>>> print(open('run.txt').read())   # compact mmCIF, C-alpha atoms
# COMPACT_ATOMS: atom_id res chain seq x y z
CA MET A 1121 120.38 86.79 72.47
CA GLY A 1122 118.77 89.97 73.74
CA GLN A 1123 119.37 91.74 77.02
CA ILE A 1124 117.91 89.94 80.06
CA ILE A 1125 115.78 92.13 82.32
CA THR A 1126 114.32 91.12 85.70
CA GLN A 1127 111.45 92.68 87.60
CA VAL A 1128 111.68 92.55 91.38
CA ASP A 1129 109.30 93.68 94.12
CA ALA A 1130 111.48 95.30 96.82
CA PHE A 1131 110.81 95.95 100.51
CA THR A 1132 108.33 93.08 100.67
CA ASP A 1133 108.35 89.31 101.21
CA LYS A 1134 105.38 88.65 98.93
CA PRO A 1135 104.61 89.31 95.25
CA PHE A 1136 102.62 92.34 94.12
CA ALA A 1137 103.53 94.46 97.14
CA GLY A 1138 106.47 96.71 97.97
CA ASN A 1139 108.09 98.69 95.17
CA PRO A 1140 108.71 97.14 91.74
CA ALA A 1141 112.00 97.78 89.97
CA ALA A 1142 113.52 96.45 86.77
CA VAL A 1143 117.14 95.32 86.80
CA CYS A 1144 119.49 94.95 83.80
CA VAL A 1145 122.93 93.39 84.35
CA LEU A 1146 124.71 94.60 81.22
CA PRO A 1147 127.69 92.84 79.59
CA ALA A 1148 129.17 96.25 78.72
CA PRO A 1149 128.25 99.92 79.23
CA LYS A 1150 125.33 101.30 77.20
CA ASP A 1151 124.63 104.91 76.29
CA THR A 1152 122.40 107.05 78.49
CA ASP A 1153 119.70 107.52 75.84
CA TRP A 1154 119.23 103.76 75.51
CA MET A 1155 118.95 103.29 79.27
CA GLN A 1156 116.41 106.11 79.50
CA GLN A 1157 114.35 104.54 76.69
CA VAL A 1158 114.36 101.16 78.44
CA ALA A 1159 113.25 102.81 81.70
CA GLN A 1160 110.46 104.59 79.85
CA GLU A 1161 109.39 101.30 78.24
CA MET A 1162 109.38 99.46 81.57
CA ASN A 1163 107.33 102.34 83.07
CA LEU A 1164 108.26 101.46 86.65
CA SER A 1165 109.36 103.98 89.24
CA GLU A 1166 112.98 102.85 88.70
CA THR A 1167 115.03 100.74 86.31
CA ALA A 1168 118.56 99.84 87.42
CA PHE A 1169 121.51 99.17 85.10
CA LEU A 1170 124.63 97.37 86.30
CA VAL A 1171 128.00 96.75 84.68
CA LYS A 1172 130.59 94.57 86.39
CA GLN A 1173 133.92 96.23 87.14
CA GLU A 1174 137.05 95.23 89.01
CA ASP A 1175 135.73 96.02 92.47
CA GLY A 1176 131.98 95.51 92.26
CA PHE A 1177 129.40 96.93 89.86
CA ASN A 1178 128.71 100.32 88.36
CA LEU A 1179 125.05 101.12 89.09
CA ARG A 1180 122.76 103.76 87.59
CA TRP A 1181 119.04 104.35 88.18
CA PHE A 1182 116.43 105.82 85.83
CA THR A 1183 112.79 106.76 86.32
CA PRO A 1184 110.67 106.85 83.15
CA ALA A 1185 111.58 110.54 82.90
CA VAL A 1186 115.09 111.15 84.33
CA GLU A 1187 118.23 109.61 85.81
CA VAL A 1188 118.37 109.94 89.61
CA PRO A 1189 121.43 110.05 91.91
CA LEU A 1190 120.15 107.56 94.50
CA CYS A 1191 117.47 104.89 94.72
CA GLY A 1192 117.05 102.48 97.61
CA HIS A 1193 114.51 100.00 96.33
CA ALA A 1194 116.24 99.51 92.96
CA THR A 1195 119.56 98.96 94.78
CA LEU A 1196 117.86 96.35 96.97
CA ALA A 1197 116.40 94.76 93.81
CA SER A 1198 119.83 94.82 92.13
CA ALA A 1199 121.50 93.04 95.06
CA HIS A 1200 118.72 90.45 95.05
CA VAL A 1201 119.28 89.78 91.33
CA LEU A 1202 123.07 89.50 91.72
CA TRP A 1203 122.71 86.82 94.40
CA SER A 1204 119.67 84.97 93.02
CA GLN A 1205 121.06 84.74 89.46
CA GLY A 1206 124.60 83.75 90.43
CA HIS A 1207 126.46 86.96 89.59
CA LEU A 1208 127.69 86.91 93.20
CA ALA A 1209 128.07 84.06 95.67
CA SER A 1210 125.49 84.08 98.45
CA ASP A 1211 128.10 85.07 101.05
CA GLU A 1212 129.68 87.86 98.96
CA VAL A 1213 129.10 91.54 99.69
CA ALA A 1214 127.58 93.53 96.81
CA ARG A 1215 129.56 96.71 96.08
CA PHE A 1216 127.90 99.39 93.94
CA HIS A 1217 129.76 102.38 92.50
CA THR A 1218 127.20 105.13 91.95
CA LYS A 1219 126.72 108.88 91.61
CA SER A 1220 126.14 108.87 95.38
CA GLY A 1221 129.44 107.11 96.06
CA LEU A 1222 130.09 103.52 97.10
CA LEU A 1223 127.02 101.65 98.36
CA ILE A 1224 127.26 98.28 100.12
CA ALA A 1225 124.65 95.53 100.34
CA LYS A 1226 124.88 92.45 102.58
CA ARG A 1227 122.65 89.41 102.98
CA GLN A 1228 121.24 89.02 106.48
CA ASN A 1229 119.27 85.75 106.30
CA GLU A 1230 116.08 86.65 104.43
CA TRP A 1231 116.82 90.38 104.55
CA ILE A 1232 119.17 92.57 102.54
CA GLU A 1233 120.99 95.35 104.39
CA LEU A 1234 121.96 98.52 102.50
CA ASN A 1235 124.54 101.03 103.73
CA PHE A 1236 123.42 104.46 102.49
CA PRO A 1237 124.34 108.09 103.18
CA ALA A 1238 122.23 109.81 105.84
CA ASN A 1239 120.24 112.84 104.66
CA ARG A 1240 119.43 115.33 107.42
CA SER A 1241 116.62 117.87 107.09
CA GLN A 1242 116.48 121.53 108.06
CA VAL A 1243 113.44 123.59 109.03
CA THR A 1244 112.16 125.62 106.10
CA ILE A 1245 109.35 127.99 105.23
CA ALA A 1246 107.03 126.15 102.88
CA PRO A 1247 105.12 127.81 100.05
CA PRO A 1248 101.61 128.70 101.26
CA GLU A 1249 100.10 126.41 98.59
CA LEU A 1250 101.76 123.29 100.01
CA SER A 1251 98.89 122.46 102.37
CA THR A 1252 96.41 122.83 99.49
CA ALA A 1253 98.54 120.62 97.23
CA LEU A 1254 98.79 117.90 99.89
CA GLY A 1255 95.17 118.24 100.95
CA VAL A 1256 96.09 118.18 104.66
CA ASN A 1257 97.20 120.49 107.44
CA TYR A 1258 100.75 119.92 108.62
CA GLN A 1259 102.65 120.49 111.85
CA ALA A 1260 106.05 121.41 110.37
CA VAL A 1261 107.97 121.40 107.09
CA TYR A 1262 111.65 120.61 106.62
CA GLN A 1263 113.89 120.44 103.57
CA ASN A 1264 116.64 118.07 102.42
CA SER A 1265 118.22 117.11 99.10
CA LEU A 1266 115.16 115.04 98.14
CA GLY A 1267 112.76 117.94 98.69
CA TYR A 1268 110.30 118.65 101.51
CA LEU A 1269 109.77 116.50 104.59
CA VAL A 1270 106.33 117.23 106.02
CA GLU A 1271 105.26 116.12 109.51
CA VAL A 1272 101.52 115.63 110.04
CA GLU A 1273 99.43 114.87 113.08
CA SER A 1274 98.71 111.16 112.78
CA GLU A 1275 99.02 107.93 110.84
CA ASP A 1276 95.40 108.33 109.71
CA VAL A 1277 96.27 111.63 108.04
CA VAL A 1278 99.20 110.00 106.21
CA ARG A 1279 97.12 107.07 105.00
CA GLN A 1280 94.03 109.02 103.94
CA MET A 1281 95.58 112.03 102.19
CA GLN A 1282 94.93 112.53 98.49
CA PRO A 1283 97.38 115.08 97.04
CA ASN A 1284 96.84 117.25 93.98
CA PHE A 1285 99.72 115.95 91.86
CA GLN A 1286 99.46 118.63 89.20
CA LEU A 1287 99.86 121.31 91.85
CA LEU A 1288 102.66 119.42 93.61
CA LYS A 1289 104.51 119.28 90.30
CA THR A 1290 104.79 123.08 90.30
CA PHE A 1291 106.87 123.24 93.50
CA PRO A 1292 110.64 123.83 93.23
CA VAL A 1293 111.56 120.39 94.68
CA ASP A 1294 111.79 116.89 93.28
CA GLY A 1295 109.78 115.18 95.99
CA VAL A 1296 107.70 115.45 99.16
CA ILE A 1297 107.90 113.03 102.10
CA VAL A 1298 104.90 113.05 104.45
CA THR A 1299 105.33 111.29 107.80
CA SER A 1300 103.93 110.82 111.30
CA LYS A 1301 104.41 108.58 114.30
CA ALA A 1302 102.57 105.28 113.94
CA HIS A 1303 99.52 104.42 116.02
CA PRO A 1304 100.51 103.59 119.63
CA SER A 1305 99.29 100.00 119.14
CA SER A 1306 101.25 99.54 115.90
CA GLU A 1307 104.34 97.35 115.50
CA PHE A 1308 105.87 100.23 113.52
CA ASP A 1309 107.62 103.32 114.84
CA PHE A 1310 106.54 105.68 112.07
CA VAL A 1311 104.75 105.73 108.73
CA SER A 1312 105.33 107.75 105.58
CA ARG A 1313 104.43 108.33 101.95
CA PHE A 1314 106.54 109.82 99.16
CA PHE A 1315 105.31 111.88 96.21
CA ALA A 1316 107.53 112.86 93.25
CA PRO A 1317 105.43 114.00 90.26
CA ALA A 1318 108.34 116.21 89.13
CA LEU A 1319 110.31 112.99 88.52
CA GLY A 1320 107.44 111.31 86.69
CA ILE A 1321 106.29 109.38 89.80
CA ASP A 1322 103.07 110.60 91.41
CA GLU A 1323 103.56 108.29 94.40
CA ASP A 1324 106.49 105.96 94.95
CA PRO A 1325 105.34 102.76 96.70
CA VAL A 1326 108.40 102.32 98.99
CA THR A 1327 111.36 104.69 98.96
CA GLY A 1328 114.76 103.79 100.38
CA ALA A 1329 116.21 107.26 99.78
CA ALA A 1330 113.33 108.84 101.73
CA HIS A 1331 114.16 106.64 104.71
CA CYS A 1332 117.70 108.05 104.66
CA CYS A 1333 115.95 111.32 105.59
CA LEU A 1334 113.41 109.76 107.93
CA ALA A 1335 115.91 107.87 110.10
CA PRO A 1336 117.73 111.04 111.29
CA PHE A 1337 114.41 112.89 111.59
CA TRP A 1338 112.79 110.30 113.85
CA ARG A 1339 115.96 109.56 115.83
CA ASP A 1340 115.90 113.17 116.99
CA ARG A 1341 112.25 112.87 118.05
CA LEU A 1342 111.99 109.31 119.37
CA GLY A 1343 115.43 109.12 121.00
CA LYS A 1344 116.33 105.69 119.58
CA ASN A 1345 118.60 104.22 116.91
CA THR A 1346 116.58 101.32 115.51
CA PHE A 1347 113.23 101.58 113.76
CA LEU A 1348 110.65 99.49 111.98
CA ALA A 1349 108.99 101.73 109.40
CA TYR A 1350 106.03 101.33 107.09
CA GLN A 1351 105.50 103.23 103.84
CA ALA A 1352 101.72 103.45 103.54
CA SER A 1353 101.22 103.49 99.77
CA HIS A 1354 98.51 101.29 98.27
CA ARG A 1355 101.16 98.53 97.80
CA GLY A 1356 102.87 99.12 101.14
CA GLY A 1357 106.34 98.14 102.28
CA VAL A 1358 108.41 97.50 105.40
CA VAL A 1359 111.86 98.98 106.08
CA LYS A 1360 114.14 98.18 109.01
CA LEU A 1361 116.48 101.05 109.94
CA TYR A 1362 119.54 101.62 112.08
CA TYR A 1363 120.94 105.11 112.51
CA ASP A 1364 123.36 106.10 115.27
CA GLY A 1365 123.70 109.79 114.45
CA GLY A 1366 126.59 109.45 112.01
CA ASP A 1367 126.76 109.93 108.25
CA ARG A 1368 125.38 106.51 107.23
CA VAL A 1369 122.02 104.78 107.56
CA LEU A 1370 121.50 101.01 107.45
CA LEU A 1371 118.29 100.09 105.64
CA SER A 1372 117.07 96.50 105.43
CA GLY A 1373 114.33 95.00 103.30
CA GLN A 1374 113.27 91.84 101.53
CA ALA A 1375 112.75 91.23 97.82
CA VAL A 1376 110.87 88.88 95.49
CA THR A 1377 111.50 88.17 91.78
CA ILE A 1378 108.29 88.68 89.78
CA LEU A 1379 109.39 88.01 86.19
CA LYS A 1380 112.44 87.58 84.00
CA GLY A 1381 112.42 88.32 80.30
CA GLU A 1382 114.45 89.37 77.29
CA LEU A 1383 114.58 92.73 75.57
CA ILE A 1384 114.10 92.06 71.86
CA SER A 1385 116.12 95.14 70.90
CA ASP A 1386 119.31 95.98 72.79
>>> encode(input="run.txt", output="structure tokens")
Amino acid sequence: MGQIITQVDAFTDKPFAGNPAAVCVLPAPKDTDWMQQVAQEMNLSETAFLVKQEDGFNLRWFTPAVEVPLCGHATLASAHVLWSQGHLASDEVARFHTKSGLLIAKRQNEWIELNFPANRSQVTIAPPELSTALGVNYQAVYQNSLGYLVEVESEDVVRQMQPNFQLLKTFPVDGVIVTSKAHPSSEFDFVSRFFAPALGIDEDPVTGAAHCCLAPFWRDRLGKNTFLAYQASHRGGVVKLYYDGGDRVLLSGQAVTILKGELISD
């Protein structure tokens, strides 16, 4: 029997929205080259690989091009697979041992809550070509371990922008988050988009790791701890956030299984 692989749409409660991820629960560790080849074959923004260990699961994430140290939506998808396919009981906590340390996932009714490290941003001087690459004027630029965090004037600017991905790929960062407050009449607190052509992903549909940067950023500006956020890609996705100013962010989302298949060669 070949290796089972499951595709899940994360940060959504309906199929064909949110951010798709592939999940492999492996019976034993596999070599890095094989995992990278599978991720390239799946051609999704992330493919997650899990191996059961004494106290949880080892978890690694791969884009089609590289391994990454943290991925929110593929962690959400992994937790969903563990519970929905019987690897964990429905009331068990999912514990993931990763390159970013221990990550915890809990079921909260129809939502999955992730406990992730907060990622604060510092003001920076952006390259003069950044505005040209994004195709918009910005109000301020910050930097964190993901790359640039760019604040723009309005939700309309976020939704309508059309970046030059080839130019963005030349910048010395892995990714660019663009964000603004949501419309005053919106149910959401803020909106964002995330671009990472340097990682082989022109635009990521919904990005958990980016919201680890956005929660501290918007807490400082909105003066609150809880947020409902929307990532305004063409697929779109909803993220609930809680951040109290400490070193952890709680991100919550929903997930839907799209397909389950078997890798012929493993």
>>> closest_residue(input="run.txt", among="A:Gly1295, A:Val1256, A:His1207, A:Phe1136", to="A:His1354", atoms="only C-alpha atoms")
A:Phe1136
>>> closest_residue(input="run.txt", among="A:Phe1347, A:Phe1177, A:Tyr1268, A:Trp1231", to="A:Ser1372", atoms="only C-alpha atoms")
A:Trp1231
>>> residues_around(input="run.txt", residues="A:Ser1306", least_positions_apart="3", cutoff="12 Å", atoms="only C-alpha atoms", output="list in words")
Glu1275, Lys1301, Ala1302, His1303, Asp1309, Phe1310, Val1311, Leu1348, Ala1349 and Tyr1350 of chain A
>>> write_last_selection(input="run.txt", atoms="C-alpha atoms", output="mmCIF file, in the frame of the given file")
data_model
loop_
_atom_site.group_PDB
_atom_site.id
_atom_site.type_symbol
_atom_site.label_atom_id
_atom_site.label_comp_id
_atom_site.auth_asym_id
_atom_site.auth_seq_id
_atom_site.Cartn_x
_atom_site.Cartn_y
_atom_site.Cartn_z
ATOM 1 C CA GLU A 1275 99.020 107.930 110.840
ATOM 2 C CA LYS A 1301 104.410 108.580 114.300
ATOM 3 C CA ALA A 1302 102.570 105.280 113.940
ATOM 4 C CA HIS A 1303 99.520 104.420 116.020
ATOM 5 C CA ASP A 1309 107.620 103.320 114.840
ATOM 6 C CA PHE A 1310 106.540 105.680 112.070
ATOM 7 C CA VAL A 1311 104.750 105.730 108.730
ATOM 8 C CA LEU A 1348 110.650 99.490 111.980
ATOM 9 C CA ALA A 1349 108.990 101.730 109.400
ATOM 10 C CA TYR A 1350 106.030 101.330 107.090
#
>>> closest_residue(input="run.txt", among="A:Ala1197, A:Ala1130, A:Val1369, A:Val1186", to="A:Pro1325", atoms="all atoms listed in the file")
A:Ala1130
>>> closest_residue(input="run.txt", among="A:Val1359, A:Ala1316, A:Leu1208, A:Val1376", to="A:Ala1142", atoms="only C-alpha atoms")
A:Val1376
>>> closest_residue(input="run.txt", among="A:Pro1140, A:Gly1122, A:Gly1221, A:Gly1192", to="A:Ala1329", atoms="all atoms listed in the file")
A:Gly1192
>>> residues_around(input="run.txt", residues="A:Gly1381", least_positions_apart="6", cutoff="8 Å", atoms="only C-alpha atoms", output="CSV table (one decimal) with C-alpha atoms, in the coordinates of the input")
chain,number,residue,atom,x,y,z
A,1124,ILE,CA,117.9,89.9,80.1
A,1125,ILE,CA,115.8,92.1,82.3
A,1126,THR,CA,114.3,91.1,85.7
>>> atom_distance(input="run.txt", atom1="atom CA of A:Thr1346", atom2="atom CA of A:Gly1176")
28.5 Å
>>> decode(input="run.txt", residues="stretch 1298-1329 of chain A", atoms="N, CA, C and O atoms", output="PDB file, in the first residue's frame")
ATOM      1  N   VAL A1298       0.808  42.765   3.304  1.00  0.00           N
ATOM      2  CA  VAL A1298       0.193  44.078   3.095  1.00  0.00           C
ATOM      3  C   VAL A1298      -1.122  44.090   3.871  1.00  0.00           C
ATOM      4  O   VAL A1298      -1.922  43.149   3.777  1.00  0.00           O
ATOM      5  N   THR A1299      -1.357  45.136   4.649  1.00  0.00           N
ATOM      6  CA  THR A1299      -2.516  45.148   5.541  1.00  0.00           C
ATOM      7  C   THR A1299      -3.101  46.545   5.684  1.00  0.00           C
ATOM      8  O   THR A1299      -2.420  47.554   5.444  1.00  0.00           O
ATOM      9  N   SER A1300      -4.364  46.585   6.100  1.00  0.00           N
ATOM     10  CA  SER A1300      -5.032  47.840   6.463  1.00  0.00           C
ATOM     11  C   SER A1300      -6.175  47.515   7.407  1.00  0.00           C
ATOM     12  O   SER A1300      -6.603  46.351   7.532  1.00  0.00           O
ATOM     13  N   LYS A1301      -6.703  48.543   8.069  1.00  0.00           N
ATOM     14  CA  LYS A1301      -7.948  48.363   8.797  1.00  0.00           C
ATOM     15  C   LYS A1301      -9.051  48.003   7.806  1.00  0.00           C
ATOM     16  O   LYS A1301      -9.039  48.417   6.647  1.00  0.00           O
ATOM     17  N   ALA A1302     -10.021  47.226   8.275  1.00  0.00           N
ATOM     18  CA  ALA A1302     -11.168  46.893   7.430  1.00  0.00           C
ATOM     19  C   ALA A1302     -12.096  48.094   7.316  1.00  0.00           C
ATOM     20  O   ALA A1302     -12.000  49.067   8.073  1.00  0.00           O
ATOM     21  N   HIS A1303     -13.015  48.025   6.345  1.00  0.00           N
ATOM     22  CA  HIS A1303     -14.041  49.067   6.224  1.00  0.00           C
ATOM     23  C   HIS A1303     -14.786  49.220   7.551  1.00  0.00           C
ATOM     24  O   HIS A1303     -15.018  48.225   8.257  1.00  0.00           O
ATOM     25  N   PRO A1304     -15.188  50.431   7.912  1.00  0.00           N
ATOM     26  CA  PRO A1304     -15.898  50.636   9.183  1.00  0.00           C
ATOM     27  C   PRO A1304     -17.150  49.770   9.324  1.00  0.00           C
ATOM     28  O   PRO A1304     -17.506  49.377  10.440  1.00  0.00           O
ATOM     29  N   SER A1305     -17.810  49.451   8.219  1.00  0.00           N
ATOM     30  CA  SER A1305     -19.030  48.652   8.276  1.00  0.00           C
ATOM     31  C   SER A1305     -18.767  47.148   8.272  1.00  0.00           C
ATOM     32  O   SER A1305     -19.696  46.350   8.371  1.00  0.00           O
ATOM     33  N   SER A1306     -17.501  46.752   8.179  1.00  0.00           N
ATOM     34  CA  SER A1306     -17.150  45.341   8.056  1.00  0.00           C
ATOM     35  C   SER A1306     -17.251  44.623   9.399  1.00  0.00           C
ATOM     36  O   SER A1306     -17.084  45.221  10.464  1.00  0.00           O
ATOM     37  N   GLU A1307     -17.481  43.316   9.345  1.00  0.00           N
ATOM     38  CA  GLU A1307     -17.426  42.489  10.558  1.00  0.00           C
ATOM     39  C   GLU A1307     -15.992  42.230  10.996  1.00  0.00           C
ATOM     40  O   GLU A1307     -15.736  41.785  12.112  1.00  0.00           O
ATOM     41  N   PHE A1308     -15.026  42.508  10.096  1.00  0.00           N
ATOM     42  CA  PHE A1308     -13.625  42.224  10.380  1.00  0.00           C
ATOM     43  C   PHE A1308     -12.923  43.453  10.949  1.00  0.00           C
ATOM     44  O   PHE A1308     -13.322  44.590  10.709  1.00  0.00           O
ATOM     45  N   ASP A1309     -11.848  43.187  11.690  1.00  0.00           N
ATOM     46  CA  ASP A1309     -11.041  44.269  12.247  1.00  0.00           C
ATOM     47  C   ASP A1309     -10.000  44.772  11.259  1.00  0.00           C
ATOM     48  O   ASP A1309      -9.738  45.968  11.170  1.00  0.00           O
ATOM     49  N   PHE A1310      -9.373  43.840  10.534  1.00  0.00           N
ATOM     50  CA  PHE A1310      -8.379  44.223   9.540  1.00  0.00           C
ATOM     51  C   PHE A1310      -8.340  43.187   8.430  1.00  0.00           C
ATOM     52  O   PHE A1310      -8.857  42.066   8.570  1.00  0.00           O
ATOM     53  N   VAL A1311      -7.747  43.584   7.320  1.00  0.00           N
ATOM     54  CA  VAL A1311      -7.587  42.694   6.167  1.00  0.00           C
ATOM     55  C   VAL A1311      -6.110  42.645   5.798  1.00  0.00           C
ATOM     56  O   VAL A1311      -5.320  43.517   6.180  1.00  0.00           O
ATOM     57  N   SER A1312      -5.738  41.634   5.045  1.00  0.00           N
ATOM     58  CA  SER A1312      -4.340  41.502   4.635  1.00  0.00           C
ATOM     59  C   SER A1312      -4.238  40.636   3.392  1.00  0.00           C
ATOM     60  O   SER A1312      -5.192  39.951   2.999  1.00  0.00           O
ATOM     61  N   ARG A1313      -3.045  40.671   2.791  1.00  0.00           N
ATOM     62  CA  ARG A1313      -2.630  39.717   1.758  1.00  0.00           C
ATOM     63  C   ARG A1313      -1.155  39.405   1.996  1.00  0.00           C
ATOM     64  O   ARG A1313      -0.443  40.208   2.621  1.00  0.00           O
ATOM     65  N   PHE A1314      -0.714  38.246   1.498  1.00  0.00           N
ATOM     66  CA  PHE A1314       0.671  37.833   1.728  1.00  0.00           C
ATOM     67  C   PHE A1314       1.267  37.311   0.433  1.00  0.00           C
ATOM     68  O   PHE A1314       0.706  36.424  -0.211  1.00  0.00           O
ATOM     69  N   PHE A1315       2.427  37.876   0.074  1.00  0.00           N
ATOM     70  CA  PHE A1315       3.110  37.536  -1.171  1.00  0.00           C
ATOM     71  C   PHE A1315       4.489  36.964  -0.846  1.00  0.00           C
ATOM     72  O   PHE A1315       5.235  37.555  -0.052  1.00  0.00           O
ATOM     73  N   ALA A1316       4.828  35.818  -1.462  1.00  0.00           N
ATOM     74  CA  ALA A1316       6.120  35.185  -1.164  1.00  0.00           C
ATOM     75  C   ALA A1316       6.712  34.525  -2.405  1.00  0.00           C
ATOM     76  O   ALA A1316       6.991  33.328  -2.411  1.00  0.00           O
ATOM     77  N   PRO A1317       6.934  35.286  -3.479  1.00  0.00           N
ATOM     78  CA  PRO A1317       7.493  34.673  -4.695  1.00  0.00           C
ATOM     79  C   PRO A1317       8.880  34.077  -4.472  1.00  0.00           C
ATOM     80  O   PRO A1317       9.257  33.127  -5.166  1.00  0.00           O
ATOM     81  N   ALA A1318       9.628  34.588  -3.487  1.00  0.00           N
ATOM     82  CA  ALA A1318      10.957  34.032  -3.203  1.00  0.00           C
ATOM     83  C   ALA A1318      10.868  32.604  -2.680  1.00  0.00           C
ATOM     84  O   ALA A1318      11.833  31.841  -2.781  1.00  0.00           O
ATOM     85  N   LEU A1319       9.702  32.226  -2.127  1.00  0.00           N
ATOM     86  CA  LEU A1319       9.483  30.869  -1.632  1.00  0.00           C
ATOM     87  C   LEU A1319       8.724  30.009  -2.633  1.00  0.00           C
ATOM     88  O   LEU A1319       8.308  28.894  -2.308  1.00  0.00           O
ATOM     89  N   GLY A1320       8.529  30.528  -3.829  1.00  0.00           N
ATOM     90  CA  GLY A1320       7.787  29.787  -4.838  1.00  0.00           C
ATOM     91  C   GLY A1320       6.285  29.974  -4.751  1.00  0.00           C
ATOM     92  O   GLY A1320       5.526  29.230  -5.373  1.00  0.00           O
ATOM     93  N   ILE A1321       5.817  30.972  -3.981  1.00  0.00           N
ATOM     94  CA  ILE A1321       4.389  31.232  -3.800  1.00  0.00           C
ATOM     95  C   ILE A1321       4.129  32.699  -4.124  1.00  0.00           C
ATOM     96  O   ILE A1321       4.441  33.576  -3.309  1.00  0.00           O
ATOM     97  N   ASP A1322       3.575  32.988  -5.293  1.00  0.00           N
ATOM     98  CA  ASP A1322       3.313  34.392  -5.617  1.00  0.00           C
ATOM     99  C   ASP A1322       2.395  35.021  -4.568  1.00  0.00           C
ATOM    100  O   ASP A1322       2.713  36.071  -4.007  1.00  0.00           O
ATOM    101  N   GLU A1323       1.245  34.392  -4.333  1.00  0.00           N
ATOM    102  CA  GLU A1323       0.351  34.862  -3.273  1.00  0.00           C
ATOM    103  C   GLU A1323      -0.185  33.666  -2.514  1.00  0.00           C
ATOM    104  O   GLU A1323      -0.751  32.749  -3.097  1.00  0.00           O
ATOM    105  N   ASP A1324      -0.015  33.701  -1.197  1.00  0.00           N
ATOM    106  CA  ASP A1324      -0.537  32.645  -0.338  1.00  0.00           C
ATOM    107  C   ASP A1324      -1.982  32.985   0.012  1.00  0.00           C
ATOM    108  O   ASP A1324      -2.264  34.099   0.460  1.00  0.00           O
ATOM    109  N   PRO A1325      -2.930  32.057  -0.165  1.00  0.00           N
ATOM    110  CA  PRO A1325      -4.339  32.401   0.049  1.00  0.00           C
ATOM    111  C   PRO A1325      -4.679  32.833   1.476  1.00  0.00           C
ATOM    112  O   PRO A1325      -5.377  33.828   1.669  1.00  0.00           O
ATOM    113  N   VAL A1326      -4.209  32.091   2.488  1.00  0.00           N
ATOM    114  CA  VAL A1326      -4.447  32.452   3.892  1.00  0.00           C
ATOM    115  C   VAL A1326      -3.234  31.993   4.690  1.00  0.00           C
ATOM    116  O   VAL A1326      -2.869  30.821   4.615  1.00  0.00           O
ATOM    117  N   THR A1327      -2.650  32.882   5.474  1.00  0.00           N
ATOM    118  CA  THR A1327      -1.330  32.639   6.047  1.00  0.00           C
ATOM    119  C   THR A1327      -1.350  32.781   7.562  1.00  0.00           C
ATOM    120  O   THR A1327      -1.399  33.892   8.098  1.00  0.00           O
ATOM    121  N   GLY A1328      -1.288  31.639   8.266  1.00  0.00           N
ATOM    122  CA  GLY A1328      -1.273  31.680   9.719  1.00  0.00           C
ATOM    123  C   GLY A1328      -0.065  32.413  10.263  1.00  0.00           C
ATOM    124  O   GLY A1328      -0.179  33.228  11.187  1.00  0.00           O
ATOM    125  N   ALA A1329       1.120  32.124   9.707  1.00  0.00           N
ATOM    126  CA  ALA A1329       2.349  32.756  10.204  1.00  0.00           C
ATOM    127  C   ALA A1329       2.295  34.273  10.056  1.00  0.00           C
ATOM    128  O   ALA A1329       2.815  35.009  10.905  1.00  0.00           O
TER     129      ALA A1329
END
